[in-house]
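Here is the file model.txt (compact mmCIF, C-alpha atoms).
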# COMPACT_ATOMS: atom_id res chain seq x y z
CA MET A 249 0.00 0.00 0.00
CA LYS A 250 2.79 2.37 0.99
CA SER A 251 4.54 1.71 -2.32
CA ARG A 252 1.37 2.63 -4.24
CA ILE A 253 1.01 5.91 -2.29
CA LEU A 254 4.67 6.69 -2.88
CA PHE A 255 4.29 5.97 -6.60
CA PHE A 256 1.16 8.14 -6.85
CA SER A 257 2.84 10.99 -4.94
CA THR A 258 5.89 10.83 -7.22
CA LEU A 259 3.68 10.78 -10.32
CA VAL A 260 1.71 13.84 -9.17
CA SER A 261 4.92 15.74 -8.36
CA THR A 262 6.33 14.92 -11.79
CA VAL A 263 3.17 16.05 -13.57
CA LEU A 264 3.10 19.28 -11.54
CA PHE A 265 6.77 19.92 -12.34
CA ILE A 266 6.19 19.39 -16.08
CA PHE A 267 3.07 21.58 -16.03
CA SER A 268 4.92 24.29 -14.12
CA SER A 269 7.83 24.15 -16.60
CA CYS A 270 5.46 24.47 -19.58
CA SER A 271 3.71 27.39 -17.90
CA ASP A 272 7.02 29.16 -17.33
CA ASP A 273 7.98 28.68 -20.98
CA ASP A 274 4.64 30.07 -22.13
CA LYS A 275 5.14 33.18 -20.01
CA ASN A 276 8.74 33.64 -21.22
CA ASP A 277 9.81 34.03 -17.58
CA ASN A 278 13.15 32.28 -17.98
CA ILE A 279 15.28 34.04 -15.38
CA THR A 280 18.27 31.70 -15.63
CA PRO A 281 20.35 32.59 -18.72
CA PRO A 282 20.79 29.74 -21.21
CA GLN A 283 24.40 28.62 -21.46
CA LEU A 284 25.20 29.68 -25.02
CA VAL A 285 28.79 30.86 -24.81
CA PRO A 286 31.16 28.03 -25.85
CA ASN A 287 31.18 28.30 -29.64
CA GLY A 288 28.49 30.39 -31.23
CA ALA A 289 27.39 33.67 -32.77
CA TYR A 290 24.85 36.35 -31.98
CA VAL A 291 22.93 38.10 -34.75
CA ILE A 292 21.25 41.44 -34.02
CA ASN A 293 18.05 42.05 -35.99
CA SER A 294 16.83 45.60 -36.49
CA GLY A 295 13.18 44.66 -36.64
CA GLY A 296 12.32 47.78 -38.65
CA LYS A 297 11.77 51.27 -37.27
CA GLY A 298 8.53 51.72 -35.36
CA ASN A 299 7.83 48.01 -34.93
CA ASN A 300 9.47 47.56 -31.50
CA ALA A 301 10.67 44.21 -32.84
CA ALA A 302 14.46 44.28 -32.47
CA SER A 303 15.86 40.91 -31.41
CA ILE A 304 18.98 38.81 -30.92
CA THR A 305 19.40 35.33 -32.42
CA TYR A 306 21.91 32.71 -31.29
CA TYR A 307 23.57 30.32 -33.76
CA ASP A 308 25.55 27.32 -32.47
CA LEU A 309 28.57 26.86 -34.75
CA ASP A 310 28.93 23.17 -33.82
CA SER A 311 25.35 21.86 -33.86
CA LYS A 312 24.08 24.46 -36.39
CA GLN A 313 21.05 24.99 -34.16
CA VAL A 314 19.33 28.39 -34.05
CA ARG A 315 17.65 29.98 -31.03
CA THR A 316 15.61 33.12 -31.64
CA GLY A 317 14.48 35.80 -29.18
CA ILE A 318 17.41 35.18 -26.83
CA PHE A 319 17.36 38.62 -25.17
CA GLU A 320 13.65 38.38 -24.42
CA SER A 321 13.87 34.83 -23.08
CA VAL A 322 16.76 35.73 -20.75
CA ASN A 323 15.52 39.10 -19.49
CA GLY A 324 11.74 38.87 -19.76
CA ILE A 325 11.48 42.07 -21.83
CA GLY A 326 11.77 42.91 -25.52
CA LEU A 327 14.98 44.39 -26.91
CA GLY A 328 13.16 47.49 -28.22
CA ASP A 329 12.81 49.47 -31.42
CA THR A 330 15.51 49.31 -34.12
CA GLY A 331 18.45 47.16 -33.11
CA GLU A 332 21.39 48.98 -34.67
CA SER A 333 24.68 47.30 -33.74
CA MET A 334 26.56 45.24 -31.16
CA ILE A 335 30.16 44.69 -30.09
CA VAL A 336 31.81 42.07 -27.88
CA TYR A 337 34.57 43.49 -25.65
CA GLY A 338 36.09 41.55 -22.78
CA ASN A 339 33.32 39.60 -21.07
CA LYS A 340 30.58 42.01 -22.07
CA ILE A 341 28.34 42.66 -25.07
CA TYR A 342 27.27 46.21 -25.92
CA VAL A 343 24.04 46.61 -27.89
CA ALA A 344 22.69 49.83 -29.46
CA VAL A 345 18.91 50.11 -29.82
CA TYR A 346 18.57 53.26 -31.87
CA ASN A 347 14.92 54.29 -31.87
CA SER A 348 14.37 53.25 -28.25
CA GLY A 349 17.38 55.35 -27.24
CA ILE A 350 19.00 52.58 -25.20
CA ILE A 351 22.42 50.97 -24.89
CA TYR A 352 22.37 47.60 -23.15
CA VAL A 353 25.47 46.13 -21.54
CA LEU A 354 25.06 42.35 -21.39
CA ASP A 355 27.02 39.36 -20.19
CA LYS A 356 27.90 36.70 -22.75
CA ASN A 357 24.58 34.95 -22.19
CA CYS A 358 22.68 38.17 -22.99
CA LYS A 359 21.69 38.91 -19.38
CA ILE A 360 21.39 42.66 -18.73
CA LEU A 361 24.23 44.08 -16.62
CA SER A 362 23.48 47.75 -17.23
CA THR A 363 21.04 49.94 -19.17
CA ILE A 364 22.35 53.25 -20.51
CA GLN A 365 19.86 55.91 -21.59
CA SER A 366 19.44 59.66 -21.36
CA GLU A 367 18.50 61.14 -18.00
CA THR A 368 16.77 64.03 -19.76
CA ALA A 369 13.74 64.23 -22.06
CA ASP A 370 16.02 64.13 -25.12
CA LYS A 371 16.87 60.47 -25.66
CA ILE A 372 20.23 59.34 -27.00
CA GLN A 373 20.33 57.74 -30.45
CA PRO A 374 23.15 55.15 -30.38
CA ARG A 375 24.56 53.91 -33.70
CA GLU A 376 27.99 52.22 -33.86
CA PHE A 377 30.62 51.02 -31.36
CA GLU A 378 34.40 50.85 -31.17
CA ALA A 379 36.52 49.41 -28.34
CA TYR A 380 39.90 50.94 -27.54
CA ASN A 381 42.24 50.97 -24.52
CA GLY A 382 39.70 49.64 -22.04
CA LYS A 383 36.88 51.94 -23.17
CA VAL A 384 33.95 51.55 -25.55
CA TYR A 385 33.14 54.46 -27.85
CA VAL A 386 29.71 54.92 -29.42
CA SER A 387 28.41 57.39 -32.00
CA LEU A 388 25.18 59.17 -31.08
CA TYR A 389 23.12 60.22 -34.07
CA GLU A 390 22.22 63.54 -32.51
CA GLY A 391 25.82 64.62 -33.18
CA TYR A 392 28.11 63.26 -30.46
CA LEU A 393 30.81 60.69 -29.79
CA ALA A 394 30.38 59.18 -26.31
CA ARG A 395 32.72 57.04 -24.23
CA ILE A 396 31.54 54.21 -21.97
CA ASP A 397 33.54 53.24 -18.89
CA THR A 398 33.64 49.43 -19.01
CA THR A 399 33.82 49.16 -15.20
CA THR A 400 30.96 51.46 -14.21
CA MET A 401 29.13 50.64 -17.46
CA LYS A 402 28.08 54.26 -17.84
CA ILE A 403 28.90 57.07 -20.27
CA ASP A 404 31.71 59.03 -18.65
CA LYS A 405 32.28 61.64 -21.36
CA LYS A 406 31.09 62.85 -24.76
CA ILE A 407 32.13 65.39 -27.40
CA ALA A 408 30.29 67.07 -30.27
CA VAL A 409 31.24 65.82 -33.74
CA GLY A 410 29.62 66.28 -37.16
CA PRO A 411 25.98 65.68 -38.10
CA ASN A 412 24.49 62.19 -37.77
CA PRO A 413 27.66 60.17 -37.08
CA GLU A 414 27.78 56.50 -38.04
CA SER A 415 30.89 54.29 -37.92
CA VAL A 416 33.67 54.82 -35.36
CA LYS A 417 37.23 53.47 -35.61
CA ALA A 418 40.33 53.82 -33.44
CA ALA A 419 43.67 54.09 -35.24
CA ASN A 420 47.07 55.52 -34.31
CA ASN A 421 45.74 56.82 -30.97
CA LYS A 422 42.93 58.71 -32.69
CA ILE A 423 39.20 58.08 -32.90
CA TYR A 424 37.72 58.57 -36.37
CA VAL A 425 33.98 59.31 -36.71
CA ALA A 426 32.06 59.21 -40.01
CA ASN A 427 29.61 62.13 -40.14
CA SER A 428 26.92 61.07 -42.62
CA GLY A 429 24.48 63.98 -42.42
CA GLY A 430 21.80 61.39 -43.14
CA MET A 431 18.96 63.40 -41.59
CA ASN A 432 19.61 66.19 -44.10
CA SER A 433 19.75 63.99 -47.20
CA LYS A 434 17.25 66.13 -49.14
CA ASN A 435 19.66 69.06 -49.00
CA GLY A 436 22.79 66.99 -49.50
CA TYR A 437 24.63 64.61 -47.21
CA ASN A 438 27.65 65.58 -45.13
CA ASN A 439 31.21 64.89 -46.30
CA THR A 440 33.42 65.02 -43.21
CA VAL A 441 35.15 62.73 -40.76
CA SER A 442 35.82 63.96 -37.22
CA VAL A 443 39.22 63.07 -35.78
CA VAL A 444 39.06 63.00 -31.98
CA ASP A 445 41.62 62.25 -29.26
CA PRO A 446 40.76 59.26 -27.00
CA GLU A 447 40.14 61.55 -24.02
CA LEU A 448 37.48 63.42 -26.03
CA THR A 449 39.06 66.81 -25.41
CA SER A 450 39.68 67.97 -28.99
CA SER A 451 38.29 67.36 -32.47
CA LYS A 452 39.05 68.35 -36.04
CA GLU A 453 37.35 67.57 -39.34
CA ILE A 454 38.76 66.24 -42.60
CA GLU A 455 36.94 66.22 -45.94
CA VAL A 456 35.95 62.89 -47.49
CA GLY A 457 33.42 61.62 -50.04
CA MET A 458 29.71 62.34 -49.68
CA ASN A 459 27.79 60.39 -47.02
CA PRO A 460 30.63 58.65 -45.11
CA GLN A 461 29.33 55.49 -43.45
CA GLU A 462 31.79 52.71 -42.62
CA PHE A 463 35.39 52.30 -41.42
CA LYS A 464 37.48 49.13 -41.44
CA MET A 465 41.14 48.30 -40.71
CA ASP A 466 43.13 45.67 -42.62
CA LYS A 467 45.90 43.44 -41.24
CA TYR A 468 48.48 46.07 -42.17
CA ASN A 469 46.66 48.69 -40.01
CA ASN A 470 45.49 50.60 -43.05
CA LEU A 471 42.27 52.54 -42.42
CA TYR A 472 39.54 52.38 -45.07
CA LEU A 473 36.34 54.39 -45.38
CA ILE A 474 33.26 53.89 -47.51
CA SER A 475 31.23 56.94 -48.52
CA ARG A 476 27.91 55.90 -50.09
CA GLY A 477 27.18 58.97 -52.19
CA ASN A 478 23.55 59.97 -52.70
CA TYR A 479 22.09 56.60 -53.83
CA LYS A 480 20.78 58.11 -57.08
CA THR A 481 20.98 56.52 -60.53
CA ASP A 482 20.22 59.54 -62.74
CA GLU A 483 22.50 62.36 -63.94
CA THR A 484 22.66 63.77 -60.38
CA ALA A 485 24.16 60.56 -59.00
CA VAL A 486 27.19 60.76 -56.72
CA PRO A 487 28.79 57.27 -56.66
CA ASN A 488 29.94 55.39 -53.59
CA LYS A 489 33.68 55.56 -52.93
CA LEU A 490 36.30 53.39 -51.27
CA GLN A 491 38.89 55.62 -49.60
CA GLN A 492 42.03 55.15 -47.55
CA ILE A 493 43.00 57.53 -44.73
CA ASN A 494 46.65 57.96 -43.78
CA THR A 495 46.41 57.87 -39.98
CA THR A 496 49.64 59.87 -39.60
CA THR A 497 48.80 62.77 -41.91
CA ASP A 498 45.01 62.21 -42.19
CA LYS A 499 45.34 62.55 -45.96
CA VAL A 500 42.44 60.91 -47.84
CA THR A 501 42.97 58.92 -51.06
CA VAL A 502 40.15 57.60 -53.27
CA LEU A 503 40.92 54.00 -54.24
CA GLU A 504 37.83 52.93 -56.18
CA GLU A 505 34.30 53.99 -57.13
CA GLY A 506 31.09 52.09 -57.76
CA HIS A 507 31.74 48.83 -55.84
CA SER A 508 31.48 49.92 -52.22
CA PHE A 509 28.32 49.89 -50.09
CA LEU A 510 29.73 47.67 -47.31
CA MET A 511 33.14 46.11 -46.80
CA PHE A 512 35.13 43.61 -44.79
CA PRO A 513 38.91 43.05 -44.89
CA TYR A 514 40.29 39.52 -44.80
CA GLY A 515 43.89 38.64 -45.59
CA ASP A 516 45.05 40.65 -48.60
CA LYS A 517 41.51 41.38 -49.76
CA LEU A 518 38.71 43.80 -49.05
CA TYR A 519 35.37 42.14 -49.69
CA LEU A 520 33.19 44.90 -51.13
CA VAL A 521 29.42 44.64 -51.09
CA ASN A 522 27.78 46.77 -53.76
CA LYS A 523 24.05 47.40 -53.76
CA VAL A 524 21.99 49.03 -56.50
CA TYR A 525 18.23 49.42 -56.76
CA VAL A 526 16.39 48.37 -59.92
CA ASN A 527 12.74 49.46 -59.82
CA SER A 528 13.13 49.85 -56.03
CA ILE A 529 14.37 46.26 -55.71
CA PRO A 530 17.91 45.84 -54.31
CA VAL A 531 20.51 43.85 -56.23
CA SER A 532 23.71 42.99 -54.32
CA THR A 533 27.09 41.66 -55.43
CA VAL A 534 30.30 40.96 -53.50
CA SER A 535 33.57 41.77 -55.24
CA CYS A 536 37.14 41.46 -53.97
CA TYR A 537 39.60 44.34 -53.90
CA ASN A 538 43.26 43.34 -53.61
CA ILE A 539 44.96 45.48 -50.96
CA THR A 540 48.49 45.12 -52.33
CA GLU A 541 47.56 45.43 -56.02
CA LYS A 542 45.02 48.21 -55.26
CA LYS A 543 42.40 47.00 -57.70
CA VAL A 544 39.27 44.83 -57.91
CA VAL A 545 40.43 41.30 -58.78
CA GLU A 546 37.13 39.39 -58.52
CA GLU A 547 33.76 40.79 -59.56
CA ASN A 548 31.82 38.23 -57.50
CA PHE A 549 33.33 36.05 -54.79
CA ILE A 550 30.22 33.78 -54.75
CA THR A 551 31.16 30.96 -57.13
CA ASP A 552 28.21 28.55 -56.89
CA GLY A 553 25.50 30.74 -58.39
CA THR A 554 23.82 31.68 -55.10
CA VAL A 555 21.93 34.96 -55.51
CA ILE A 556 21.35 37.29 -52.53
CA SER A 557 19.36 40.40 -53.35
CA ASP A 558 19.69 42.57 -50.23
CA ILE A 559 22.95 42.03 -48.34
CA SER A 560 23.01 43.88 -45.02
CA GLY A 561 26.33 42.71 -43.58
CA ILE A 562 29.35 40.45 -43.99
CA GLU A 563 31.69 38.92 -41.39
CA PHE A 564 34.35 36.21 -41.15
CA GLU A 565 34.52 33.46 -38.54
CA PRO A 566 38.22 33.35 -37.60
CA ALA A 567 38.58 29.66 -36.74
CA SER A 568 37.06 28.22 -39.92
CA GLY A 569 37.57 31.13 -42.30
CA ASP A 570 33.92 30.83 -43.30
CA ILE A 571 32.20 33.95 -44.61
CA TYR A 572 28.87 34.91 -43.04
CA VAL A 573 26.65 37.03 -45.26
CA LEU A 574 23.62 38.70 -43.68
CA ALA A 575 20.62 39.30 -45.90
CA ALA A 576 17.52 41.42 -45.36
CA ASN A 577 14.00 40.91 -46.55
CA LYS A 578 11.39 43.57 -45.82
CA LYS A 579 8.52 41.08 -45.86
CA ASN A 580 10.01 38.09 -44.05
CA ASN A 581 12.69 37.25 -41.51
CA GLY A 582 16.32 37.84 -42.38
CA ASP A 583 18.76 35.13 -43.39
CA VAL A 584 22.41 34.35 -42.79
CA TYR A 585 24.31 32.54 -45.56
CA VAL A 586 27.49 30.69 -44.60
CA PHE A 587 30.03 30.42 -47.43
CA SER A 588 33.41 28.74 -47.58
CA SER A 589 36.41 30.90 -48.42
CA ALA A 590 36.03 29.50 -51.96
CA GLY A 591 32.63 31.19 -52.24
CA LYS A 592 30.48 28.05 -52.00
CA LEU A 593 27.35 27.94 -49.82
CA GLN A 594 27.80 25.75 -46.73
CA ASN A 595 24.68 26.54 -44.74
CA LYS A 596 21.82 29.01 -44.42
CA PHE A 597 19.60 29.88 -41.47
CA ASP A 598 16.62 32.09 -40.70
CA THR A 599 17.36 34.70 -38.02
CA GLY A 600 13.77 34.86 -36.81
CA GLY A 601 13.80 38.65 -37.08
CA SER A 602 13.77 41.15 -39.90
CA TYR A 603 16.81 43.00 -41.24
CA PRO A 604 19.88 41.47 -39.55
CA MET A 605 22.39 44.25 -38.86
CA GLY A 606 25.45 42.45 -37.56
CA ILE A 607 26.92 39.22 -36.25
CA SER A 608 29.38 38.68 -33.38
CA PHE A 609 31.19 35.43 -32.62
CA ILE A 610 31.36 34.29 -29.01
CA LYS A 611 34.09 32.07 -27.60
CA LYS A 612 34.92 30.91 -24.07
Translate this structure into structure tokens?
Amino acid sequence: MKSRILFFSTLVSTVLFIFSSCSDDDKNDNITPPQLVPNGAYVINSGGKGNNAASITYYDLDSKQVRTGIFESVNGIGLGDTGESMIVYGNKIYVAVYNSGIIYVLDKNCKILSTIQSETADKIQPREFEAYNGKVYVSLYEGYLARIDTTTMKIDKKIAVGPNPESVKAANNKIYVANSGGMNSKNGYNNTVSVVDPELTSSKEIEVGMNPQEFKMDKYNNLYLISRGNYKTDETAVPNKLQQINTTTDKVTVLEEGHSFLMFPYGDKLYLVNKVYVNSIPVSTVSCYNITEKKVVEENFITDGTVISDISGIEFEPASGDIYVLAANKKNNGDVYVFSSAGKLQNKFDTGGSYPMGISFIKK
């Protein structure tokens, strides 16, 4: 008799535990962070402005499994409106949520460590990050470069730069800021880069191509800048430009025109993503610019015929050398295509959110 009672009691406890677990999952009240760190990647999805649908997706490099909505499942709240960018520095992840006016500082399992936002009625508009000498720098679209103390996880200083800054890059003990002027596009974009000291005490401007957007450094510590022009295709068109900035003299040299919307350096090549619009539909290609020869040597690195219409980012996984290409789709979720270094498709996965903006690889 006692054994039957014990069995029944155990059965009831098990059922209650399972029911309770299902209920917790339904409520998305997972307080304990999932252990995702060992060998994976995070993808930040913009979600589209005004939709409050920004998200973070986890991709396991070993099992190829995808987990969507990681931030929400860990913290019990949504990421916000317009996920813009993220950076991994030390044991922390910094995430910019542009339209919500928030910077989240997370641990490597996406648990919130700190929330940075304006203490006044005017919210900050975070765009792009750069890590340098124990600090994290972030461009604020309202016209500032801010510096985050990685210990206090708060902004400790900021300085005015040009209008609507985008990419930020540290080189030769200087911080370079691309001033796009994107909010004034009807009257012409901006064409300057602000050069700031790391202590944010002084700033100067240098002239570059119209609508500067993105910096990258190659393995030789050369600094490159893409200016996207005015996106037009008629007689008033100003083409995109690939430029190199001498970080000693700050002299700007135009290297190439018409191939450069996004870029990523790898080895002796710059992978250049070009994007043109045909009847409002984007068409993307990825060419290769040889750093030493200073010319485009491959018009399309994708060799297996895979077509990707709207590329939103490109990144390399260091251990394998695989190339991760992020693709947007305004109607459906975004995709990530994984290519070998030979340009052949290895894998593809759905990010579970629209317009993927960037990917960061996480290691122990």
Self-check item: Two-atom distance - CA of Phe597 in chain A, CA of Ser535 in chain A (Å)
Solution: 22.9 Å
Exercise. May I ask for the distance between CA of Phe549 in chain A and CA of Gln594 in chain A, given in Å to one decimal place?
Key: 14.2 Å
Would you list the contacts of range 432-448 of chain A as an mmCIF file with C-alpha atoms, keeping the file's coordinate frame, taking every protein, DNA or RNA residue within 8 Å and counting only C-alpha atoms, but skipping same-chain residues closer than 5 positions in sequence?
data_model
loop_
_atom_site.group_PDB
_atom_site.id
_atom_site.type_symbol
_atom_site.label_atom_id
_atom_site.label_comp_id
_atom_site.auth_asym_id
_atom_site.auth_seq_id
_atom_site.Cartn_x
_atom_site.Cartn_y
_atom_site.Cartn_z
ATOM 1 C CA LYS A 405 32.280 61.640 -21.360
ATOM 2 C CA LYS A 406 31.090 62.850 -24.760
ATOM 3 C CA ILE A 407 32.130 65.390 -27.400
ATOM 4 C CA VAL A 409 31.240 65.820 -33.740
ATOM 5 C CA GLY A 410 29.620 66.280 -37.160
ATOM 6 C CA PRO A 411 25.980 65.680 -38.100
ATOM 7 C CA ASN A 421 45.740 56.820 -30.970
ATOM 8 C CA LYS A 422 42.930 58.710 -32.690
ATOM 9 C CA ILE A 423 39.200 58.080 -32.900
ATOM 10 C CA TYR A 424 37.720 58.570 -36.370
ATOM 11 C CA VAL A 425 33.980 59.310 -36.710
ATOM 12 C CA ALA A 426 32.060 59.210 -40.010
ATOM 13 C CA ASN A 427 29.610 62.130 -40.140
ATOM 14 C CA GLU A 453 37.350 67.570 -39.340
ATOM 15 C CA ILE A 454 38.760 66.240 -42.600
ATOM 16 C CA GLU A 455 36.940 66.220 -45.940
ATOM 17 C CA VAL A 456 35.950 62.890 -47.490
ATOM 18 C CA GLY A 457 33.420 61.620 -50.040
ATOM 19 C CA MET A 458 29.710 62.340 -49.680
ATOM 20 C CA ASN A 459 27.790 60.390 -47.020
ATOM 21 C CA PRO A 460 30.630 58.650 -45.110
ATOM 22 C CA GLY A 477 27.180 58.970 -52.190
ATOM 23 C CA ASN A 478 23.550 59.970 -52.700
#
Quiz prompt | Contacts of range 291-298 of chain A within 6 Å, all atoms listed in the file, excl. fewer than 2 positions in-chain, as a list of chain:residue names | solution = A:Asn300, A:Ala301, A:Ala302, A:Ser303, A:Ile304, A:Thr305, A:Thr330, A:Gly331, A:Glu332, A:Gly601, A:Ser602, A:Tyr603, A:Pro604, A:Met605, A:Gly606, A:Ile607
Quiz item: Which polymer residues have any atom within 8 Å of an atom of Lys359 in chain A, counting all atoms listed in the file, with same-chain residues fewer than 5 positions away left out, as number ranges by chain?
Solution: A: 281, 319, 322-323, 354
Quiz item: What does the distance between CA of Gln492 in chain A and CA of Lys464 in chain A come to in Å, to one decimal place?
Solution: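 According to the coordinates, CA of Gln492 in chain A and CA of Lys464 in chain A are separated by 9.7 Å.
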Quiz item: Hey, what's within 8 Å of Arg395 in chain A if we count all atoms listed in the file and toss same-chain stuff fewer than 4 positions away? As a list in words, please?
Solution: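 Neighbouring residues, sequence-local ones excluded: Lys383, Val384, Tyr385, Val386, Ile403, Asp404, Lys405 and Lys406 of chain A.
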Practice problem: List the neighbours of range 567-581 of chain A out to 8 Å using all atoms listed in the file; skip same-chain residues closer than 2 positions along the sequence, and give me the result as number ranges by chain. | Solution: A: 556-565, 583-589, 598-606
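Distances here use only C-alpha atoms; by that measure, the residue among A:Met465, A:Leu393, A:Ala369, A:Val353 closest to Asn420 in chain A is A:Met465.
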Practice problem: Go through A:Lys356, A:Lys596, A:Arg375, A:His507 one by one, measure the shortest atom-to-atom distance of each to Gln491 in chain A using all atoms listed in the file, and give the residue with the smallest value. | Solution: A:His507
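Candidate residues A:Thr481, A:Lys592, A:Thr501, A:Thr540 were compared for distance to Asn527 in chain A, and the nearest is A:Thr481, using only C-alpha atoms.
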Using the partial input, fill out range 591-604 of chain A with N, CA, C and O atoms; write the result as a compact mmCIF listing (two decimals), in the coordinates of the input.
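The resulting file, selection13.txt, is reproduced below:
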# COMPACT_ATOMS: atom_id res chain seq x y z
N GLY A 591 33.85 30.59 -51.73
CA GLY A 591 32.63 31.19 -52.24
C GLY A 591 31.50 30.21 -52.50
O GLY A 591 30.59 30.50 -53.27
N LYS A 592 31.53 29.05 -51.82
CA LYS A 592 30.48 28.05 -52.00
C LYS A 592 29.61 27.99 -50.74
O LYS A 592 30.13 27.97 -49.62
N LEU A 593 28.30 27.92 -50.93
CA LEU A 593 27.35 27.94 -49.82
C LEU A 593 27.48 26.67 -48.99
O LEU A 593 27.39 25.56 -49.50
N GLN A 594 27.67 26.86 -47.66
CA GLN A 594 27.80 25.75 -46.73
C GLN A 594 26.51 25.53 -45.94
O GLN A 594 26.14 24.40 -45.63
N ASN A 595 25.87 26.62 -45.58
CA ASN A 595 24.68 26.54 -44.74
C ASN A 595 23.91 27.85 -44.86
O ASN A 595 24.44 28.87 -45.33
N LYS A 596 22.66 27.82 -44.43
CA LYS A 596 21.82 29.01 -44.42
C LYS A 596 20.83 28.87 -43.29
O LYS A 596 20.28 27.79 -43.07
N PHE A 597 20.60 29.96 -42.53
CA PHE A 597 19.60 29.88 -41.47
C PHE A 597 18.80 31.17 -41.36
O PHE A 597 19.27 32.24 -41.71
N ASP A 598 17.58 31.00 -40.90
CA ASP A 598 16.62 32.09 -40.70
C ASP A 598 16.91 32.72 -39.34
O ASP A 598 17.01 32.02 -38.33
N THR A 599 17.03 34.04 -39.28
CA THR A 599 17.36 34.70 -38.02
C THR A 599 16.15 34.89 -37.11
O THR A 599 16.31 35.26 -35.95
N GLY A 600 14.96 34.69 -37.63
CA GLY A 600 13.77 34.86 -36.81
C GLY A 600 13.37 36.30 -36.59
O GLY A 600 12.41 36.59 -35.87
N GLY A 601 14.11 37.23 -37.19
CA GLY A 601 13.80 38.65 -37.08
C GLY A 601 14.15 39.34 -38.37
O GLY A 601 14.98 38.86 -39.15
N SER A 602 13.53 40.48 -38.63
CA SER A 602 13.77 41.15 -39.90
C SER A 602 15.01 42.05 -39.86
O SER A 602 15.35 42.61 -38.83
N TYR A 603 15.65 42.15 -40.97
CA TYR A 603 16.81 43.00 -41.24
C TYR A 603 17.96 42.78 -40.24
O TYR A 603 18.20 43.58 -39.33
N PRO A 604 18.70 41.68 -40.40
CA PRO A 604 19.88 41.47 -39.55
C PRO A 604 20.93 42.54 -39.82
O PRO A 604 21.25 42.83 -40.97
